[in-house]
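Shown here: target.cif, mmCIF, C-alpha atoms and all ligand atoms.
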```
data_protein
#
loop_
_atom_site.label_atom_id
_atom_site.label_comp_id
_atom_site.auth_asym_id
_atom_site.auth_seq_id
_atom_site.Cartn_x
_atom_site.Cartn_y
_atom_site.Cartn_z
CA MET A 1 0.00 0.00 0.00
CA THR A 2 1.24 3.54 -0.73
CA ALA A 3 2.07 5.49 2.40
CA LEU A 4 -0.15 8.49 3.20
CA LEU A 5 2.75 10.28 4.86
CA GLU A 6 6.44 9.79 4.11
CA VAL A 7 9.07 11.72 6.02
CA ASP A 8 12.35 11.25 4.21
CA ASP A 9 15.63 12.24 5.89
CA ILE A 10 14.26 15.41 7.47
CA THR A 11 16.77 17.62 9.23
CA LYS A 12 15.83 20.87 11.00
CA ARG A 13 18.50 23.10 12.48
CA PHE A 14 18.05 26.20 14.61
CA GLY A 15 21.51 27.80 14.41
CA GLY A 16 23.75 25.25 16.11
CA ILE A 17 20.86 23.15 17.47
CA VAL A 18 19.92 20.08 15.43
CA ALA A 19 16.24 19.59 16.41
CA LEU A 20 15.59 16.92 13.75
CA ASP A 21 18.46 14.82 12.48
CA ALA A 22 17.82 12.89 9.24
CA LEU A 23 14.49 11.60 10.57
CA ASN A 24 12.49 9.01 8.61
CA LEU A 25 8.87 8.07 9.24
CA SER A 26 6.13 6.48 7.17
CA LEU A 27 2.40 6.22 7.92
CA GLN A 28 -0.08 4.03 6.06
CA PRO A 29 -3.62 5.32 5.39
CA GLY A 30 -5.86 4.59 8.38
CA GLU A 31 -2.92 3.96 10.72
CA LEU A 32 -2.79 5.11 14.35
CA ARG A 33 0.77 5.83 15.53
CA CYS A 34 2.12 7.21 18.76
CA ILE A 35 5.35 9.19 19.09
CA LEU A 36 7.25 8.94 22.35
CA GLY A 37 10.45 10.61 23.34
CA PRO A 38 12.16 12.56 26.12
CA ASN A 39 11.78 16.34 26.43
CA GLY A 40 13.58 18.26 23.71
CA CYS A 41 13.97 15.27 21.34
CA GLY A 42 12.18 17.10 18.51
CA LYS A 43 8.55 15.86 18.63
CA THR A 44 6.98 19.33 18.40
CA THR A 45 9.47 20.39 15.75
CA LEU A 46 8.41 17.36 13.70
CA PHE A 47 4.74 18.44 13.93
CA ASN A 48 5.78 21.98 12.98
CA VAL A 49 7.55 20.65 9.90
CA LEU A 50 4.60 18.40 8.95
CA THR A 51 2.14 21.31 9.15
CA GLY A 52 4.39 23.80 7.33
CA ALA A 53 4.98 26.02 10.37
CA PHE A 54 8.72 25.29 9.91
CA LYS A 55 10.51 24.58 6.66
CA PRO A 56 13.01 21.74 7.05
CA THR A 57 16.70 22.48 6.55
CA SER A 58 16.88 19.41 4.31
CA GLY A 59 14.86 16.35 3.41
CA THR A 60 11.37 15.84 2.03
CA VAL A 61 7.87 15.31 3.44
CA ARG A 62 5.43 13.63 1.05
CA PHE A 63 1.68 13.53 1.61
CA ARG A 64 -0.24 11.22 -0.73
CA GLY A 65 2.94 11.07 -2.80
CA GLU A 66 3.19 14.86 -3.23
CA ALA A 67 6.14 16.79 -1.74
CA ILE A 68 4.69 19.27 0.77
CA SER A 69 7.81 20.22 2.72
CA GLY A 70 8.28 23.55 0.94
CA LYS A 71 4.64 24.58 1.34
CA GLY A 72 3.04 26.85 3.94
CA PRO A 73 0.51 25.90 6.65
CA ILE A 74 -2.61 26.89 4.67
CA ALA A 75 -1.59 24.91 1.57
CA ILE A 76 -0.78 21.87 3.72
CA SER A 77 -4.01 22.06 5.72
CA ARG A 78 -6.01 22.33 2.45
CA ARG A 79 -4.42 19.05 1.37
CA GLY A 80 -5.89 17.35 4.46
CA VAL A 81 -3.49 17.72 7.40
CA SER A 82 -4.96 19.02 10.69
CA ARG A 83 -3.34 19.56 14.06
CA LYS A 84 -4.54 19.70 17.63
CA PHE A 85 -2.38 21.57 20.13
CA GLN A 86 -2.10 20.75 23.87
CA VAL A 87 -4.39 23.66 24.81
CA PRO A 88 -7.86 23.12 23.30
CA GLY A 89 -8.30 25.37 20.25
CA ILE A 90 -12.04 25.90 20.59
CA PHE A 91 -14.21 29.02 20.34
CA PRO A 92 -15.14 29.60 24.00
CA GLU A 93 -17.85 32.15 23.27
CA LEU A 94 -19.75 29.80 20.91
CA THR A 95 -21.92 26.82 21.85
CA VAL A 96 -20.72 23.25 21.41
CA LEU A 97 -22.97 22.86 18.36
CA GLN A 98 -21.64 26.05 16.77
CA ASN A 99 -18.06 24.93 17.40
CA VAL A 100 -18.67 21.72 15.44
CA ALA A 101 -20.78 23.37 12.72
CA LEU A 102 -18.20 26.06 11.96
CA PRO A 103 -15.40 23.74 10.77
CA MET A 104 -18.02 21.70 8.85
CA ALA A 105 -18.97 24.84 6.92
CA ALA A 106 -15.36 25.90 6.48
CA ALA A 107 -14.51 22.45 5.08
CA SER A 108 -17.02 22.79 2.28
CA ARG A 109 -15.31 23.41 -1.07
CA LYS A 110 -16.19 27.07 -1.23
CA PRO A 111 -17.13 28.31 2.21
CA THR A 112 -19.62 31.15 1.85
CA LEU A 113 -21.32 33.41 4.34
CA ARG A 114 -24.50 31.37 3.75
CA SER A 115 -22.76 28.11 4.64
CA LEU A 116 -21.21 29.78 7.65
CA ILE A 117 -24.65 30.67 8.98
CA TRP A 118 -25.63 27.00 8.91
CA HIS A 119 -27.62 26.84 5.62
CA LYS A 120 -25.36 24.14 4.19
CA ILE A 121 -24.76 22.11 7.31
CA ASP A 122 -25.99 18.51 7.10
CA PRO A 123 -27.96 18.10 10.36
CA ALA A 124 -27.54 14.30 10.37
CA ARG A 125 -23.74 14.64 10.10
CA LEU A 126 -23.75 17.32 12.82
CA ALA A 127 -25.74 15.01 15.11
CA GLU A 128 -23.38 12.12 14.32
CA LEU A 129 -20.34 14.22 15.24
CA LEU A 130 -21.87 15.44 18.52
CA ASP A 131 -22.76 11.86 19.38
CA PHE A 132 -19.23 10.67 18.54
CA ALA A 133 -17.80 13.17 21.03
CA GLY A 134 -20.44 12.27 23.65
CA LEU A 135 -21.53 15.91 23.62
CA THR A 136 -25.12 15.64 22.32
CA ASP A 137 -26.51 16.70 25.71
CA LYS A 138 -24.16 19.70 25.76
CA ALA A 139 -24.97 20.98 22.26
CA ASP A 140 -26.33 24.30 23.54
CA VAL A 141 -23.75 24.81 26.28
CA LEU A 142 -21.10 27.49 25.78
CA ALA A 143 -17.74 25.84 25.06
CA SER A 144 -16.18 27.95 27.83
CA ASP A 145 -18.44 26.18 30.35
CA LEU A 146 -17.25 22.65 29.45
CA ALA A 147 -14.96 20.61 31.71
CA HIS A 148 -11.35 20.25 30.50
CA GLY A 149 -11.86 16.69 29.17
CA GLU A 150 -15.02 17.77 27.32
CA LYS A 151 -13.09 20.64 25.69
CA GLN A 152 -10.46 18.16 24.47
CA ARG A 153 -13.21 15.91 23.06
CA LEU A 154 -14.81 18.92 21.39
CA GLU A 155 -11.56 19.83 19.67
CA ILE A 156 -11.03 16.27 18.47
CA VAL A 157 -14.48 16.23 16.90
CA MET A 158 -13.80 19.64 15.34
CA LEU A 159 -10.81 18.04 13.57
CA LEU A 160 -13.16 15.34 12.33
CA ALA A 161 -15.60 18.02 11.13
CA VAL A 162 -12.87 19.59 8.99
CA ASP A 163 -12.61 16.21 7.28
CA ALA A 164 -8.81 16.12 7.13
CA ASP A 165 -7.15 12.76 6.39
CA LEU A 166 -4.15 13.11 8.68
CA LEU A 167 -4.74 14.26 12.25
CA LEU A 168 -1.79 15.34 14.39
CA LEU A 169 -2.57 15.30 18.11
CA ASP A 170 -0.10 16.90 20.52
CA GLU A 171 -0.53 15.45 24.02
CA PRO A 172 -4.34 15.17 23.86
CA THR A 173 -4.54 13.99 27.49
CA ALA A 174 -2.45 16.77 29.08
CA GLY A 175 -4.01 17.78 32.40
CA MET A 176 -6.68 15.05 32.39
CA SER A 177 -7.92 12.61 35.02
CA LYS A 178 -7.45 8.83 34.55
CA GLY A 179 -11.10 8.34 33.52
CA GLU A 180 -10.99 11.16 30.98
CA THR A 181 -7.74 9.78 29.58
CA ALA A 182 -9.34 6.37 28.90
CA THR A 183 -12.29 8.11 27.18
CA ILE A 184 -9.95 10.06 24.91
CA ALA A 185 -7.98 6.90 24.02
CA ALA A 186 -11.23 5.17 22.98
CA LEU A 187 -12.26 8.24 20.94
CA ILE A 188 -8.92 8.37 19.12
CA ARG A 189 -9.09 4.65 18.29
CA ARG A 190 -12.52 5.24 16.75
CA LEU A 191 -11.06 8.02 14.55
CA THR A 192 -9.18 5.29 12.70
CA SER A 193 -11.51 2.30 13.07
CA GLU A 194 -14.81 4.08 12.22
CA PHE A 195 -13.75 7.12 10.23
CA GLY A 196 -10.63 5.78 8.49
CA LYS A 197 -8.48 8.71 9.63
CA THR A 198 -4.71 8.46 9.89
CA VAL A 199 -3.63 9.69 13.31
CA LEU A 200 -0.22 10.62 14.72
CA VAL A 201 -0.21 11.26 18.48
CA ILE A 202 2.54 12.76 20.65
CA GLU A 203 2.08 11.49 24.18
CA HIS A 204 3.95 11.08 27.48
CA ASP A 205 1.34 9.21 29.53
CA MET A 206 2.32 5.52 29.30
CA GLN A 207 -1.09 4.21 30.38
CA PHE A 208 -2.66 6.22 27.57
CA VAL A 209 -0.12 4.84 25.09
CA LEU A 210 -1.01 1.31 26.23
CA ASP A 211 -4.73 2.11 25.84
CA LEU A 212 -4.14 3.33 22.28
CA ASP A 213 -2.76 -0.13 21.49
CA CYS A 214 -0.91 1.00 18.36
CA ARG A 215 2.54 0.99 16.81
CA ILE A 216 4.97 3.30 18.58
CA THR A 217 7.81 5.40 17.19
CA VAL A 218 10.40 6.42 19.77
CA MET A 219 12.49 9.52 19.12
CA ALA A 220 15.71 10.67 20.77
CA ARG A 221 18.04 13.51 19.77
CA GLY A 222 15.97 14.40 16.71
CA THR A 223 15.81 10.99 15.14
CA VAL A 224 13.94 7.68 15.38
CA ILE A 225 15.66 5.15 17.65
CA ALA A 226 12.98 2.43 17.71
CA GLU A 227 9.64 1.46 16.22
CA GLY A 228 7.25 -1.35 17.15
CA THR A 229 4.62 -2.50 19.61
CA TYR A 230 4.56 -1.27 23.21
CA ASP A 231 6.39 -4.40 24.40
CA GLU A 232 8.93 -4.26 21.58
CA VAL A 233 9.95 -0.67 22.26
CA ARG A 234 9.79 -1.17 26.01
CA ASN A 235 12.38 -3.94 25.76
CA ASN A 236 14.62 -2.11 23.30
CA PRO A 237 17.93 -1.34 25.10
CA GLN A 238 18.33 2.03 23.38
CA VAL A 239 14.83 3.04 24.47
CA ILE A 240 15.42 1.89 28.03
CA GLU A 241 18.55 3.99 28.11
CA CYS A 242 17.08 7.06 26.41
CA TYR A 243 13.52 7.24 27.63
CA LEU A 244 11.61 4.47 29.37
CA GLY A 245 14.49 3.76 31.72
CA GLN A 246 14.29 7.34 32.97
CA ALA A 247 10.53 7.09 33.46
CA SER A 248 10.38 3.79 35.36
N1 LIG B 1 11.86 27.92 17.32
C1 LIG B 1 12.94 27.37 17.86
N2 LIG B 1 14.09 28.06 17.93
C2 LIG B 1 15.22 27.51 18.45
N3 LIG B 1 15.28 26.26 18.96
C3 LIG B 1 14.16 25.53 18.94
C4 LIG B 1 12.93 26.04 18.39
N4 LIG B 1 11.97 25.07 18.49
C5 LIG B 1 12.58 24.01 19.08
N5 LIG B 1 13.87 24.29 19.36
C6 LIG B 1 14.86 23.38 19.96
O1 LIG B 1 14.79 22.15 19.25
C7 LIG B 1 14.91 21.04 20.13
C8 LIG B 1 13.68 20.16 20.02
O2 LIG B 1 12.57 20.84 20.60
P1 LIG B 1 11.08 20.29 20.54
O3 LIG B 1 10.21 21.32 21.17
O4 LIG B 1 10.76 19.89 19.16
O5 LIG B 1 11.17 18.99 21.47
P2 LIG B 1 9.99 18.12 22.10
O6 LIG B 1 10.39 16.71 21.93
O7 LIG B 1 8.69 18.55 21.52
O8 LIG B 1 10.04 18.54 23.63
P3 LIG B 1 8.87 18.52 24.75
O9 LIG B 1 8.56 17.08 25.01
O10 LIG B 1 9.53 19.18 25.93
O11 LIG B 1 7.72 19.31 24.20
C9 LIG B 1 15.11 21.63 21.54
O12 LIG B 1 16.50 21.72 21.79
C10 LIG B 1 14.51 23.02 21.41
O13 LIG B 1 15.11 23.91 22.32
#
```
Now that the file is in, can you turn its structure into structure tokens?
Ligand SMILES: Nc1ncnc2c1ncn2[C@@H]1O[C@H](COP(=O)(O)OP(=O)(O)OP(=O)(O)O)[C@@H](O)[C@H]1O
Amino acid sequence: MTALLEVDDITKRFGGIVALDALNLSLQPGELRCILGPNGCGKTTLFNVLTGAFKPTSGTVRFRGEAISGKGPIAISRRGVSRKFQVPGIFPELTVLQNVALPMAAASRKPTLRSLIWHKIDPARLAELLDFAGLTDKADVLASDLAHGEKQRLEIVMLLAVDADLLLLDEPTAGMSKGETATIAALIRRLTSEFGKTVLVIEHDMQFVLDLDCRITVMARGTVIAEGTYDEVRNNPQVIECYLGQAS
């Protein structure tokens, strides 16, 4: 199968700092992958390169076979790459329903003022998305009044509403309780199993990584040092030395 995302020998330097060092990564369509790595190993820089926020110093990123590494954030997001930051990027002054409807309208081929005032929103799809996030009962609640975990769920469903193919999630469980973390893991698994999305998740919480039950890429010093199942990477001597050993 052709990879949806291919990261080929990407290096990113900031002056003398080598944040990414000839990094290679490949994601198949519909794959869920988790990125682990100690602080400062380049995870956020990788997301910034994938979304066009940073141009790589060298190397190529291909999305659906097309080189996107020289392109800007808007061009890359139009091709179907969406990102969720640690802090929920929701519209606090709008209701939950409006927060989901807005990206649905914006995702239409030619967003118009009419579509943005709900005339072209498919109500069945809107209901499906609210249900997916477990937020049907909160449809008319202001987003600012949601609990932290609900805000994270809202943002995940907003990514789904945009209808991007590749979703980049940066620590989606930051600041959450154990129960909320399990809910988010289940939601993320459904993004791939039910909606066919390809999802790349940066995460530190090992229980959450276990719950995701997916292939793991471990980074250290700007490059990939191991890839495999949870048990495979956990038993990898380089990983134990660089990351898991420090955590346990
Ligand atoms: N805009 C920038 N300018 C200069 N140096 C940067 C910049 N962004 C990142 N770096 C450096 O690049 C390296 C990788 O940083 P990055 O934030 O990508 O790591 P990370 O793995 O996401 O860390 P964390 O887990 O703490 O978020 C670090 O040494 C960092 O200081």
Review point. Between A:Cys214, A:Leu130, A:Ala105, A:Ile202, which has the minimum distance to ligand LIG 1 (chain B) (counting all atoms listed in the file)?
Key: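 Smallest separation from ligand LIG 1 (chain B) among the options: A:Ile202.
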Exercise for review: For Leu166 of chain A, work out the shell of residues within 8 Å, counting all atoms listed in the file and skipping chain neighbours fewer than 3 positions away, then give it as an NGL selection string.
Suggested key: :A and (80-82 or 197-200)
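Atom CA of Ala220 of chain A to atom CA of Cys242 of chain A spans 6.8 Å [interatomic distance, one decimal].
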Chain A residues near ligand LIG 1 (chain B) within 7 Å, closest pair each, using all atoms listed in the file, as CSV:
```
residue,atom,partner,partner_atom,distance
A:Phe14,CA,B:LIG1,C2,4.9
A:Ile17,CA,B:LIG1,O12,6.3
A:Val18,CA,B:LIG1,O1,6.7
A:Ala19,CA,B:LIG1,O1,4.1
A:Gly37,CA,B:LIG1,O6,6.3
A:Pro38,CA,B:LIG1,O9,5.9
A:Asn39,CA,B:LIG1,O9,3.6
A:Gly40,CA,B:LIG1,O5,3.4
A:Cys41,CA,B:LIG1,O6,3.9
A:Gly42,CA,B:LIG1,O4,3.2
A:Lys43,CA,B:LIG1,O6,3.9
A:Thr44,CA,B:LIG1,O7,3.6
A:Thr45,CA,B:LIG1,O4,3.7
A:Leu46,CA,B:LIG1,O4,6.5
```
Practice item. May I have the protein, DNA and RNA residues with an atom at most 8 Å from (2.1, 13.2, 25.0), counting only C-alpha atoms in the file's coordinates, returned as a PyMOL selection string? Key: chain A and resi 35-36+170-174+201-205
Check your understanding: So how far away is atom CA of Ala124 of chain A from atom CA of Leu191 of chain A, in Å?
Key ->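 If I compute the distance from atom CA of Leu191 of chain A to atom CA of Ala124 of chain A, I get 18.1 Å.
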Review point. With all atoms listed in the file as the basis for distance, which of A:Phe47, A:Ala139, A:Asn99, A:Arg189 is at the shortest distance from Leu159 of chain A?
Key: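 Among the listed residues, A:Asn99 lies closest to Leu159 of chain A.
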